[in-house]
Amino acid sequence: MKRYWIVKLLILSLALLAIGLTGCGRRALLHDVNIRPDHITPNADGDVDVTRIEYGLSRSAYVSIYFKDEAGQRYYFRNHRRRSRSTGRPYSVDFGGVVDVEGETFGEALVRARVLRDGAYTLVIEATDDQEHTESVELPFTVTDADASLPELRGFYVSQSIFSPNRDGVQDRLKIGYELSKPATVLVYLEDKEGNKYPVAERQGALTPVKAGEKGPHTYDYEGGVDQGAEPPPDGTYTLVAFAQDRVGQKVELTRTLTITDGGVPRATIVQLDIEYSDTIIPVGGTLCITATVENYGDTPVRTTGPLPGTIYSSNQNFNSLGWNQQSGAWRFGLDFDGNPSYPYPFRWAVGRPEDLEKKVIDGDEFYYLMPGQRSQISGCIEILSAPPRNPTVFYGGLIHEDVWTVNDQVDPLWITFDKSAGDSWNQ
C-alpha cells in the first residue's frame, strides 16, 4: 500500500513539472508594451514633440518597431535589431516622429529620413526569438501638426569636378553654394572609397551675413587646407557630400563626384640662396646680368609664367610694362634694389624655359610647371639707361609666389656702382 502511494505521488509530481514546463514555454516573448503619449506633434516647438516606446522581452530576440498608415504602408523606426532578455525595467526608446526611408528622392536630393505625415497610425512592435517564434503587439498612434517640409539645399552647385589644391591659381579653389530653405545643421565633406571624411568649412565673414545653419544663401571656399600649410586630401576620386538635418530630425543628402589631382603644398627655393652678378661696377648704358638656380623640392608641380629666362629689361621697364602682369599662384624669380620707387621685384623671369618645363592644357589654356625634384637655371639682364636714385645701390634677388608670399626675400644682396655721367634717375 505504501509503495502504491509513493508511485502515485511520483506520477503527480511529474505531471505538475510538465505543466510548469509547458507554462514556461508559453510565456509571452513580448510584455509590458506601451507608448506614452499616443499622440505627438513633431514640429520642434517643444510641446508634445516626442513619445516614449517601452517593451519587455522574456528572452533574446530580433526586434522591429514600425508604424502602419491606414493604407498599410510600413515606416520603420527600428528594423530587426538584436536585443537581449530585459531584466528589471523594460526597454525604452524615444520617438520624435522621424523614420528612416530608402530610395526616396526630392528633386536631386536623396531623402534619408523624414517625419510621418499627419494621420492615424498603428504602432507595431514585433519580436522573433532564436527558435523563429514571432510575437507582435499593436497600439494606436496619431500624428498632427508635423513639420513635414524638408531642409532643401536649393540651387546647390560645385564650381568644378576636377580640383587641384596646390596654390597655383588654376583649379585650386572649390566653390560650393546653396540656399537653405529652413534652419538646419549642414555638413559638407569629401569622402573617399574607404569612408574617410575630409570636412569642408563654410565661409564666414562680412560678405556672408547668414550664419551657419540659418535659412538663406551659404557659400564655401575650399582649398584643401593648403593655405594653412597643411597637406590636402590625397589625389584620387571622392564623393562630395552635402548633408542637411533640420530640427525635427529630417535628413537629406546631395552628392557630386570630385577628382583631386596634383594636390599638395608647393615648395621651391633659390638653390643655396646664391645669385651670380655679372659685375659690381656697371657703366650707364651698360648691362647688369644675373644667374641663379631654382629647385622644386616639394611633391607638387610649381607653375610659372614669363617673361622667359634671358629676357633683357631696360631700367625704365618692369614685368607689367612687358605685358607679363602679376598672376595669382605663379612663381617667378625677381630682382630688386634699395630705393625702388615702383613694384617690388620689378624685374621678373620665369623659373624655366618652356622646353625645360611640363606643359599642361587646362580648359583650353596652356600652363607650364617646374616638376617635383626638378632644377632650372634662370638668367636675365637689365640695360642701365641712367643711374638709380641711390648710387651705389644694393641689389638683391627673390623667389616670388605671386599673391601668396615672397618665398626667398632679399637674397644675396650686393652693392653695385653706376656711372652718373649718363643720367641721375631711373623712371620705373
# chains A, B, ... in the order shown; residues from 1 in each chain; ligands from 1
call {"tool": "residues_around", "arguments": {"residues": "A:Ser86", "least_positions_apart": "4", "cutoff": "8 Å", "atoms": "only C-alpha atoms", "output": "count of residues only"}}
result
6
call {"tool": "select_by_dssp", "arguments": {"residues": "stretch 285-359 of chain A", "states": "strand (DSSP E)", "output": "count of residues only"}}
result
29
call {"tool": "residues_around", "arguments": {"residues": "stretch 28-30 of chain A", "least_positions_apart": "6", "cutoff": "9 Å", "atoms": "only C-alpha atoms", "output": "compact mmCIF listing (two decimals) with C-alpha atoms, in the first residue's frame"}}
result
# COMPACT_ATOMS: atom_id res chain seq x y z
CA TYR A 55 8.61 46.93 -24.23
CA GLY A 56 10.00 43.93 -22.38
CA LEU A 57 11.50 40.68 -23.67
CA SER A 58 11.36 37.35 -21.86
CA ARG A 59 14.29 36.09 -23.94
CA SER A 60 16.72 37.32 -26.59
CA ALA A 61 15.11 38.27 -29.88
CA ILE A 125 6.40 46.07 -32.09
CA GLU A 126 7.49 42.71 -33.43
CA ALA A 127 9.95 40.26 -31.84
CA THR A 128 11.38 36.99 -33.22
CA ASP A 129 13.37 34.69 -30.92
CA HIS A 133 8.87 32.22 -32.81
CA THR A 134 7.36 35.64 -33.56
CA GLU A 135 5.06 37.79 -31.49
CA SER A 136 3.78 41.30 -32.11
CA VAL A 137 1.81 43.95 -30.29
call {"tool": "residues_around", "arguments": {"residues": "A:Asn320", "least_positions_apart": "6", "cutoff": "10 Å", "atoms": "only C-alpha atoms", "output": "list in words"}}
result
Gln326, Tyr343, Pro346, Phe347 and Arg348 of chain A
call {"tool": "write_last_selection", "arguments": {"atoms": "N, CA and C atoms", "output": "tab-separated table (two decimals), in the first residue's frame"}}
result
chain	number	residue	atom	x	y	z
A	326	GLN	N	51.11	90.46	-62.99
A	326	GLN	CA	51.14	89.52	-61.88
A	326	GLN	C	50.01	88.50	-62.03
A	343	TYR	N	57.03	98.77	-58.25
A	343	TYR	CA	56.62	97.46	-57.76
A	343	TYR	C	57.79	96.73	-57.09
A	346	PRO	N	60.69	94.48	-59.57
A	346	PRO	CA	60.14	94.90	-60.87
A	346	PRO	C	60.65	94.07	-62.04
A	347	PHE	N	61.83	93.44	-61.88
A	347	PHE	CA	62.41	92.63	-62.95
A	347	PHE	C	62.19	91.16	-62.59
A	348	ARG	N	61.35	90.50	-63.36
A	348	ARG	CA	61.00	89.11	-63.03
A	348	ARG	C	61.15	88.22	-64.25
call {"tool": "residues_around", "arguments": {"residues": "A:Tyr157", "least_positions_apart": "4", "cutoff": "7 Å", "atoms": "only C-alpha atoms", "output": "list of chain:residue names"}}
result
A:Ile176, A:Gly177, A:Tyr178
call {"tool": "closest_atom_pairs", "arguments": {"of": "stretch 46-81 of chain A", "to": "stretch 138-148 of chain A", "cutoff": "12 Å", "atoms": "only C-alpha atoms", "output": "Markdown table"}}
result
| residue | atom | partner | partner_atom | distance |
| --- | --- | --- | --- | --- |
| A:Asp47 | CA | A:Asp145 | CA | 11.0 |
| A:Val48 | CA | A:Thr144 | CA | 10.2 |
| A:Asp49 | CA | A:Ala146 | CA | 9.0 |
| A:Val50 | CA | A:Val143 | CA | 10.6 |
| A:Thr51 | CA | A:Phe141 | CA | 10.0 |
| A:Arg52 | CA | A:Phe141 | CA | 11.8 |
| A:Ile53 | CA | A:Leu139 | CA | 10.6 |
| A:Glu54 | CA | A:Leu139 | CA | 11.7 |
| A:Tyr55 | CA | A:Glu138 | CA | 11.7 |
| A:Ile65 | CA | A:Glu138 | CA | 10.1 |
| A:Tyr66 | CA | A:Glu138 | CA | 9.8 |
| A:Phe67 | CA | A:Phe141 | CA | 8.4 |
| A:Lys68 | CA | A:Phe141 | CA | 9.5 |
| A:Asp69 | CA | A:Phe141 | CA | 9.7 |
| A:Glu70 | CA | A:Pro140 | CA | 11.2 |
call {"tool": "residues_around", "arguments": {"residues": "A:Ser149", "least_positions_apart": "2", "cutoff": "9 Å", "atoms": "only C-alpha atoms", "output": "JSON, numbers by chain"}}
result
{"A": [114, 115, 146, 147, 151, 152, 182, 250]}
call {"tool": "closest_residue", "arguments": {"among": "A:Gly72, A:Lys211, A:Gly298, A:Asp172", "to": "A:Gln160", "atoms": "only C-alpha atoms"}}
result
A:Asp172
call {"tool": "decode", "arguments": {"residues": "stretch 372-388 of chain A", "atoms": "N, CA and C atoms", "output": "PDB file, in the first residue's frame"}}
result
ATOM      1  N   PRO A 372      58.272  68.334 -59.502  1.00  0.00           N
ATOM      2  CA  PRO A 372      58.961  67.948 -58.261  1.00  0.00           C
ATOM      3  C   PRO A 372      60.340  67.353 -58.535  1.00  0.00           C
ATOM      4  N   GLY A 373      61.334  67.828 -57.787  1.00  0.00           N
ATOM      5  CA  GLY A 373      62.701  67.350 -57.940  1.00  0.00           C
ATOM      6  C   GLY A 373      63.482  68.014 -59.058  1.00  0.00           C
ATOM      7  N   GLN A 374      62.839  68.866 -59.842  1.00  0.00           N
ATOM      8  CA  GLN A 374      63.495  69.484 -60.995  1.00  0.00           C
ATOM      9  C   GLN A 374      64.177  70.795 -60.607  1.00  0.00           C
ATOM     10  N   ARG A 375      65.342  71.040 -61.245  1.00  0.00           N
ATOM     11  CA  ARG A 375      66.055  72.305 -61.107  1.00  0.00           C
ATOM     12  C   ARG A 375      66.070  73.023 -62.449  1.00  0.00           C
ATOM     13  N   SER A 376      66.114  74.363 -62.383  1.00  0.00           N
ATOM     14  CA  SER A 376      66.176  75.154 -63.615  1.00  0.00           C
ATOM     15  C   SER A 376      67.041  76.385 -63.382  1.00  0.00           C
ATOM     16  N   GLN A 377      67.883  76.685 -64.361  1.00  0.00           N
ATOM     17  CA  GLN A 377      68.734  77.865 -64.247  1.00  0.00           C
ATOM     18  C   GLN A 377      68.032  79.068 -64.856  1.00  0.00           C
ATOM     19  N   ILE A 378      68.066  80.191 -64.120  1.00  0.00           N
ATOM     20  CA  ILE A 378      67.443  81.434 -64.563  1.00  0.00           C
ATOM     21  C   ILE A 378      68.538  82.450 -64.828  1.00  0.00           C
ATOM     22  N   SER A 379      68.412  83.153 -65.951  1.00  0.00           N
ATOM     23  CA  SER A 379      69.337  84.248 -66.247  1.00  0.00           C
ATOM     24  C   SER A 379      68.536  85.417 -66.804  1.00  0.00           C
ATOM     25  N   GLY A 380      69.093  86.613 -66.679  1.00  0.00           N
ATOM     26  CA  GLY A 380      68.425  87.801 -67.192  1.00  0.00           C
ATOM     27  C   GLY A 380      69.324  89.010 -67.064  1.00  0.00           C
ATOM     28  N   CYS A 381      68.945  90.070 -67.784  1.00  0.00           N
ATOM     29  CA  CYS A 381      69.776  91.266 -67.788  1.00  0.00           C
ATOM     30  C   CYS A 381      68.920  92.519 -67.719  1.00  0.00           C
ATOM     31  N   ILE A 382      69.565  93.607 -67.245  1.00  0.00           N
ATOM     32  CA  ILE A 382      68.933  94.928 -67.208  1.00  0.00           C
ATOM     33  C   ILE A 382      69.878  95.917 -67.899  1.00  0.00           C
ATOM     34  N   GLU A 383      69.362  96.574 -68.920  1.00  0.00           N
ATOM     35  CA  GLU A 383      70.139  97.604 -69.602  1.00  0.00           C
ATOM     36  C   GLU A 383      69.999  98.899 -68.812  1.00  0.00           C
ATOM     37  N   ILE A 384      71.121  99.436 -68.362  1.00  0.00           N
ATOM     38  CA  ILE A 384      71.116 100.606 -67.490  1.00  0.00           C
ATOM     39  C   ILE A 384      71.068 101.873 -68.333  1.00  0.00           C
ATOM     40  N   LEU A 385      69.890 102.528 -68.352  1.00  0.00           N
ATOM     41  CA  LEU A 385      69.727 103.752 -69.132  1.00  0.00           C
ATOM     42  C   LEU A 385      70.177 104.976 -68.359  1.00  0.00           C
ATOM     43  N   SER A 386      70.076 104.902 -67.018  1.00  0.00           N
ATOM     44  CA  SER A 386      70.505 106.035 -66.183  1.00  0.00           C
ATOM     45  C   SER A 386      70.799 105.492 -64.796  1.00  0.00           C
ATOM     46  N   ALA A 387      71.449 106.273 -63.990  1.00  0.00           N
ATOM     47  CA  ALA A 387      71.814 105.837 -62.644  1.00  0.00           C
ATOM     48  C   ALA A 387      70.567 105.750 -61.769  1.00  0.00           C
ATOM     49  N   PRO A 388      70.510 104.812 -60.847  1.00  0.00           N
ATOM     50  CA  PRO A 388      69.368 104.692 -59.931  1.00  0.00           C
ATOM     51  C   PRO A 388      69.366 105.836 -58.922  1.00  0.00           C
TER      52      PRO A 388
END
